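Peer 1: data.txt is reproduced below (compact mmCIF, C-alpha atoms).
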```
# COMPACT_ATOMS: atom_id res chain seq x y z
CA MET A 1 10.00 -30.03 -57.51
CA LEU A 2 8.96 -33.61 -56.75
CA LYS A 3 8.41 -32.71 -53.08
CA ALA A 4 6.25 -29.75 -54.07
CA ILE A 5 4.10 -32.05 -56.19
CA VAL A 6 3.86 -34.97 -53.75
CA ALA A 7 3.42 -33.06 -50.46
CA PRO A 8 -0.13 -31.79 -51.17
CA ILE A 9 -1.20 -35.32 -52.16
CA ILE A 10 0.18 -36.77 -48.93
CA ASP A 11 -1.42 -34.01 -46.86
CA PHE A 12 -4.77 -34.72 -48.50
CA ALA A 13 -4.54 -38.47 -47.89
CA LEU A 14 -2.83 -38.23 -44.47
CA PRO A 15 -3.50 -34.74 -43.10
CA PRO A 16 -1.42 -33.47 -40.16
CA ARG A 17 -2.97 -34.32 -36.81
CA CYS A 18 -2.87 -32.52 -33.46
CA ALA A 19 -0.32 -34.17 -31.17
CA GLY A 20 -2.81 -33.95 -28.32
CA CYS A 21 -6.27 -34.89 -29.60
CA GLY A 22 -5.67 -36.06 -33.17
CA SER A 23 -7.79 -33.43 -34.87
CA ILE A 24 -6.63 -32.10 -38.24
CA VAL A 25 -4.23 -29.15 -37.99
CA PRO A 26 -2.45 -27.02 -40.61
CA ASP A 27 1.10 -28.25 -39.86
CA THR A 28 2.79 -31.41 -38.67
CA LEU A 29 4.01 -31.80 -35.09
CA THR A 30 1.80 -29.09 -33.66
CA LEU A 31 -1.26 -28.69 -31.46
CA CYS A 32 -4.78 -27.47 -32.09
CA ALA A 33 -5.91 -24.31 -30.29
CA ALA A 34 -7.97 -26.27 -27.75
CA CYS A 35 -5.05 -28.52 -26.72
CA TRP A 36 -2.65 -25.59 -26.66
CA ARG A 37 -4.90 -23.79 -24.17
CA GLN A 38 -4.88 -26.86 -21.92
CA LEU A 39 -1.10 -26.80 -21.53
CA THR A 40 0.11 -25.03 -18.41
CA PHE A 41 3.51 -23.54 -19.18
CA LEU A 42 5.67 -23.23 -16.07
CA THR A 43 6.76 -19.63 -16.01
CA GLY A 44 7.09 -17.18 -13.15
CA ASN A 45 8.17 -17.94 -9.59
CA GLY A 46 9.68 -21.36 -9.04
CA CYS A 47 11.79 -23.18 -6.48
CA GLU A 48 15.50 -22.71 -7.19
CA CYS A 49 16.13 -26.38 -6.36
CA CYS A 50 13.31 -28.34 -8.00
CA GLY A 51 11.50 -25.77 -10.17
CA VAL A 52 8.05 -26.35 -8.68
CA PRO A 53 5.85 -23.25 -9.15
CA LEU A 54 5.46 -21.08 -6.07
CA ASP A 55 2.75 -18.55 -5.28
CA ALA A 56 5.22 -16.14 -3.72
CA PRO A 57 8.80 -15.17 -4.62
CA ILE A 58 10.29 -17.72 -2.21
CA ALA A 59 13.71 -19.03 -3.19
CA VAL A 60 13.32 -22.65 -2.08
CA CYS A 61 10.19 -24.72 -1.43
CA ALA A 62 9.62 -26.45 1.92
CA PRO A 63 10.30 -30.02 0.68
CA CYS A 64 13.66 -28.97 -0.78
CA LEU A 65 14.59 -27.15 2.43
CA ALA A 66 13.87 -30.34 4.37
CA ASP A 67 15.55 -32.68 1.87
CA PRO A 68 17.74 -30.83 -0.68
CA PRO A 69 18.02 -32.57 -4.07
CA ASP A 70 21.28 -34.01 -5.35
CA HIS A 71 21.00 -32.09 -8.62
CA ASP A 72 21.62 -28.34 -8.96
CA GLY A 73 18.17 -27.26 -10.06
CA ALA A 74 15.37 -28.48 -12.30
CA SER A 75 13.05 -26.99 -14.87
CA ALA A 76 10.09 -28.20 -16.92
CA ALA A 77 8.29 -26.81 -19.92
CA VAL A 78 4.76 -27.62 -18.76
CA ALA A 79 2.79 -29.06 -15.87
CA TYR A 80 1.83 -32.71 -16.11
CA GLY A 81 -1.79 -32.85 -17.23
CA ASP A 82 -4.12 -34.45 -19.76
CA VAL A 83 -2.52 -33.05 -22.91
CA SER A 84 1.13 -33.20 -21.79
CA ARG A 85 0.57 -36.79 -20.60
CA THR A 86 -1.07 -37.77 -23.90
CA ILE A 87 1.83 -36.38 -25.90
CA ILE A 88 4.50 -38.19 -23.93
CA LEU A 89 2.54 -41.47 -23.91
CA LYS A 90 2.19 -41.26 -27.69
CA LEU A 91 5.96 -40.81 -27.89
CA LYS A 92 6.87 -43.55 -25.39
CA HIS A 93 4.28 -46.23 -26.01
CA GLY A 94 2.61 -45.16 -29.26
CA ARG A 95 5.99 -45.03 -31.03
CA LYS A 96 5.28 -41.54 -32.38
CA ILE A 97 8.97 -40.72 -32.19
CA GLY A 98 8.53 -37.57 -34.27
CA LEU A 99 6.91 -36.00 -31.21
CA ALA A 100 10.38 -35.75 -29.64
CA SER A 101 10.93 -32.76 -31.90
CA LEU A 102 7.77 -30.99 -30.65
CA VAL A 103 8.61 -31.74 -27.02
CA ALA A 104 12.18 -30.48 -27.41
CA LYS A 105 11.07 -27.31 -29.18
CA LEU A 106 8.71 -26.46 -26.32
CA MET A 107 11.35 -27.33 -23.71
CA VAL A 108 13.97 -24.92 -25.07
CA SER A 109 12.43 -21.87 -23.39
CA ALA A 110 12.76 -23.60 -19.99
CA LEU A 111 16.48 -24.37 -20.38
CA PRO A 112 19.33 -22.36 -18.84
CA LYS A 113 19.86 -19.08 -20.66
CA THR A 114 23.62 -18.91 -20.09
CA GLY A 115 26.53 -21.32 -20.03
CA ALA A 116 27.88 -24.06 -22.25
CA TRP A 117 26.05 -27.25 -21.31
CA VAL A 118 26.67 -30.87 -22.15
CA ILE A 119 23.40 -32.74 -22.69
CA VAL A 120 22.99 -36.15 -21.07
CA PRO A 121 19.73 -38.14 -21.26
CA VAL A 122 18.34 -40.26 -18.45
CA PRO A 123 19.22 -43.86 -19.41
CA LEU A 124 16.96 -46.86 -19.92
CA HIS A 125 17.97 -50.41 -19.14
CA PRO A 126 19.04 -52.27 -22.33
CA PHE A 127 16.16 -54.74 -21.93
CA ARG A 128 13.60 -51.91 -21.89
CA ILE A 129 15.23 -50.31 -24.93
CA TRP A 130 14.98 -53.68 -26.66
CA LEU A 131 11.27 -53.89 -25.82
CA ARG A 132 10.45 -50.29 -26.75
CA GLY A 133 12.97 -49.83 -29.52
CA PHE A 134 14.31 -46.50 -28.27
CA ASN A 135 14.95 -44.29 -25.24
CA GLN A 136 12.51 -41.39 -25.39
CA SER A 137 14.75 -39.19 -23.22
CA ALA A 138 17.63 -39.74 -25.64
CA LEU A 139 15.41 -38.76 -28.59
CA ILE A 140 14.38 -35.56 -26.81
CA ALA A 141 18.00 -34.84 -25.82
CA ALA A 142 19.15 -35.20 -29.44
CA GLU A 143 16.52 -32.72 -30.58
CA ILE A 144 17.48 -30.25 -27.84
CA ALA A 145 21.11 -30.53 -28.91
CA ARG A 146 20.03 -29.73 -32.47
CA HIS A 147 18.08 -26.67 -31.32
CA THR A 148 20.76 -25.31 -28.96
CA GLY A 149 24.02 -26.46 -30.53
CA TRP A 150 25.17 -27.84 -27.17
CA ALA A 151 27.24 -31.01 -27.00
CA HIS A 152 25.29 -34.25 -26.61
CA VAL A 153 26.59 -37.42 -24.95
CA PRO A 154 23.74 -39.95 -25.33
CA ASP A 155 25.51 -42.93 -23.74
CA ALA A 156 27.13 -41.20 -20.77
CA LEU A 157 24.83 -42.86 -18.23
CA ILE A 158 23.99 -46.55 -18.06
CA ARG A 159 21.45 -48.58 -16.12
CA THR A 160 23.33 -51.30 -14.28
CA LYS A 161 20.21 -52.99 -12.99
CA ARG A 162 16.71 -53.41 -14.37
CA THR A 163 14.01 -51.82 -12.18
CA PRO A 164 10.22 -52.19 -12.28
CA MET A 165 8.11 -49.39 -13.73
CA LEU A 166 8.09 -46.46 -11.30
CA GLY A 167 4.66 -45.04 -12.18
CA GLY A 168 2.31 -44.91 -9.21
CA ARG A 169 5.07 -45.48 -6.64
CA GLY A 170 5.87 -43.06 -3.82
CA ALA A 171 9.04 -41.02 -3.50
CA ALA A 172 10.63 -43.28 -0.87
CA GLU A 173 10.02 -46.43 -2.89
CA ARG A 174 11.35 -44.77 -6.04
CA ARG A 175 14.55 -43.85 -4.21
CA ARG A 176 14.93 -47.39 -2.91
CA LEU A 177 14.37 -48.99 -6.31
CA LEU A 178 16.82 -46.63 -8.04
CA ASN A 179 19.57 -46.92 -5.46
CA GLY A 180 22.76 -48.15 -7.15
CA THR A 181 21.13 -48.71 -10.55
CA ILE A 182 22.70 -45.82 -12.52
CA ALA A 183 26.36 -45.25 -13.30
CA VAL A 184 28.58 -43.24 -15.63
CA SER A 185 30.07 -45.22 -18.50
CA ALA A 186 33.81 -45.51 -17.98
CA ASP A 187 34.38 -44.48 -21.60
CA TYR A 188 32.84 -41.04 -21.00
CA LYS A 189 34.21 -40.07 -17.57
CA PRO A 190 37.09 -38.01 -19.01
CA ARG A 191 34.68 -36.09 -21.25
CA LEU A 192 32.28 -35.26 -18.41
CA LYS A 193 34.82 -34.30 -15.76
CA GLY A 194 34.44 -30.67 -14.71
CA GLN A 195 31.55 -30.05 -17.12
CA GLN A 196 28.15 -28.44 -16.65
CA LEU A 197 25.68 -31.20 -17.49
CA LEU A 198 22.04 -30.86 -18.48
CA LEU A 199 20.13 -34.03 -17.61
CA ILE A 200 17.14 -34.61 -19.93
CA ASP A 201 14.05 -36.64 -19.02
CA ASP A 202 10.43 -36.77 -20.12
CA VAL A 203 8.60 -36.36 -16.78
CA TYR A 204 9.77 -35.13 -13.36
CA THR A 205 7.68 -36.72 -10.61
CA SER A 206 9.40 -37.06 -7.24
CA GLY A 207 12.90 -36.20 -8.44
CA ALA A 208 14.21 -39.66 -7.52
CA THR A 209 15.46 -40.42 -11.03
CA ALA A 210 17.09 -37.01 -11.46
CA ASN A 211 18.78 -37.37 -8.07
CA ALA A 212 20.09 -40.85 -8.84
CA CYS A 213 21.51 -39.64 -12.15
CA ALA A 214 23.00 -36.51 -10.56
CA ARG A 215 24.74 -38.55 -7.87
CA ALA A 216 26.29 -40.81 -10.49
CA LEU A 217 27.38 -37.88 -12.66
CA LYS A 218 28.94 -36.00 -9.77
CA ARG A 219 30.78 -39.11 -8.63
CA GLY A 220 32.04 -39.24 -12.20
CA GLY A 221 33.49 -35.74 -11.87
CA ALA A 222 30.75 -33.42 -13.19
CA ALA A 223 30.97 -29.88 -11.83
CA GLN A 224 27.24 -29.19 -12.04
CA VAL A 225 24.11 -31.14 -12.97
CA ARG A 226 20.81 -29.49 -13.80
CA ALA A 227 17.68 -31.42 -14.74
CA ALA A 228 15.27 -30.45 -17.51
CA CYS A 229 12.12 -32.27 -18.55
CA TRP A 230 9.00 -31.97 -20.66
CA ALA A 231 6.38 -32.12 -17.88
CA ARG A 232 6.47 -31.83 -14.12
CA VAL A 233 4.02 -33.44 -11.73
CA LEU A 234 3.01 -30.69 -9.32
CA LEU A 235 3.05 -31.21 -5.57
CA ASP A 236 -0.72 -31.05 -5.31
CA ASP A 237 -1.22 -33.81 -7.93
```
For this file, produce the structure as structure tokens.

Peer 2:
Amino acid sequence: MLKAIVAPIIDFALPPRCAGCGSIVPDTLTLCAACWRQLTFLTGNGCECCGVPLDAPIAVCAPCLADPPDHDGASAAVAYGDVSRTIILKLKHGRKIGLASLVAKLMVSALPKTGAWVIVPVPLHPFRIWLRGFNQSALIAAEIARHTGWAHVPDALIRTKRTPMLGGRGAAERRRLLNGTIAVSADYKPRLKGQQLLLIDDVYTSGATANACARALKRGGAAQVRAACWARVLLDD
């Protein structure tokens, strides 16, 4: 009864805002019609290895044929663009941690449709978690676990070395910087051995982070590692 009385007062004083542009919307953690139309949902033909959209029903894209990824496939909810970037930046740097729920809800349709998966988030170095206060990939992973009912192991992967920010760096430099910086926590190796793991991240750019995590997880005994993220930078970007 108290909630029914207080909620309208709060909504009047602090009305729900669009996660993209900040305009007033009917419900919390949603988007206005204009921002929704700007999202490009990644459906249809996609590379079996990295998930990049393809114009024709080709199984594997040329870059993956030339240099196959270490993971066993990747998917993303949307293409990286103005609105998807704004949402994830608000989550990561604007501390709007409630947006993890919106991101996870929109990611669910891009996840594997069959199998029992164990969810593992991409790790942050402890120093970066201390600065930011949280790992956005772990927040998203927790929400996906809540939506799907799949097991969630938030501390399975650890960063053994602090790396500089990867934004704006090329694929080769990303691979070099990430080399040897991610490992499986010894406490969780028995739990991950032989499992199908779903690696959760916010943005898929070159695939260097997903590959580094997949290599570590497979060395730790994982049977399969698929990557899933909120937004994917397309090859033409």

Peer 1: If we count only C-alpha atoms, what is near Asn45 of chain A at a cut-off of 7 Å, once residues fewer than 3 positions away on the same chain are taken out, given as a list of chain:residue names?

Peer 2: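 In the requested format, the answer is A:Pro53, A:Leu54, A:Asp55, A:Ala56, A:Pro57.
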
Peer 1: In terms of the shortest atom-to-atom distance over only C-alpha atoms, which of A:Leu166, A:Leu178, A:Leu106, A:Ile88 is closest to Asp202 of chain A?

Peer 2: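 Smallest separation from Asp202 of chain A among the options: A:Ile88.
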
Peer 1: Name the closest residue to Gly207 of chain A among the candidates A:Arg128, A:Cys21, A:Pro26, A:Arg232; distances are taken between atoms, counting only C-alpha atoms.

Peer 2: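 Ranking A:Arg128, A:Cys21, A:Pro26, A:Arg232 by distance to Gly207 of chain A, first place goes to A:Arg232.
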
Peer 1: Between atom CA of Ser84 of chain A and atom CA of Cys229 of chain A, what distance in Å does the model show, to one decimal?

Peer 2: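 Separation of atom CA of Ser84 of chain A and atom CA of Cys229 of chain A: 11.5 Å.
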
Peer 1: So which residues touch Glu48 of chain A within 8 Å, counting all atoms listed in the file, skipping near sequence neighbours fewer than 3 positions away, as a list of chain:residue names?

Peer 2: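 Skipping anything fewer than 3 positions along the chain leaves A:Gly51, A:Ala59, A:Val60, A:Gly73, A:Ala74.
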
Peer 1: Once you add 8 Å to each side, what are the centre and edge lengths of the axis-aligned box holding all listed atoms of segment 79-89 of chain A? One decimal in Å, as JSON, if you can.

Peer 2:
```
{"center_x": 0.2, "center_y": -35.3, "center_z": -20.9, "size_x": 24.6, "size_y": 28.4, "size_z": 26.0}
```

Peer 1: Looking at A:His93, A:Ala156, A:Gly149, A:Ala110, which one is nearest to Arg132 of chain A, with distances taken over all atoms listed in the file?

Peer 2: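 Going through A:His93, A:Ala156, A:Gly149, A:Ala110 one by one, the smallest distance to Arg132 of chain A is for A:His93.
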
Peer 1: Of the candidates A:Gly81, A:Gly44, A:Pro123, A:Gly170, which shows the shortest atom-to-atom distance to Ile182 of chain A, using all atoms listed in the file?

Peer 2: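 Of all the options, A:Pro123 lies closest to Ile182 of chain A.
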
Peer 1: Which residue is closest to Asp201 of chain A? Choose from A:Ile58, A:Ala186, A:Leu139, A:Leu234 and count all atoms listed in the file.

Peer 2: A:Leu139

Peer 1: Record the distance separating atom CA of Val233 of chain A and atom CA of Cys61 of chain A, expressed in Å with one decimal.

Peer 2: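 According to the coordinates, atom CA of Val233 of chain A and atom CA of Cys61 of chain A are separated by 14.8 Å.
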
Peer 1: Pick out the closest residue to Ala100 of chain A from this set: A:Ala231, A:Ile140, A:Leu39, A:Ala172. Count all atoms listed in the file.

Peer 2: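 Of A:Ala231, A:Ile140, A:Leu39, A:Ala172, the one nearest Ala100 of chain A is A:Ile140, counting all atoms listed in the file.
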
Peer 1: One decimal, Å: what's the distance from atom CA of Leu131 of chain A over to atom CA of Lys189 of chain A, could you say?

Peer 2: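 Between these atoms lies a distance of 28.0 Å.
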
Peer 1: Identify the residues around (-2.3, -28.3, -20.7) within a radius of 7 Å, measuring from only C-alpha atoms in the coordinates stated by the file, and give them as a list in words.

Peer 2: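 Within 7 Å of (-2.3, -28.3, -20.7), the protein and nucleic acid residues are Cys35, Trp36, Arg37, Gln38, Leu39, Thr40, Gly81, Asp82, Val83 and Ser84 of chain A.
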
Peer 1: Set the distance at 10 Å and use only C-alpha atoms: which residues neighbour Leu199 of chain A once local chain neighbours fewer than 2 positions away are removed? I'd like the list as a VMD selection string.

Peer 2: chain A and resid 71 74 117 to 122 137 141 196 to 197 201 210 213 to 214 217 225 to 229
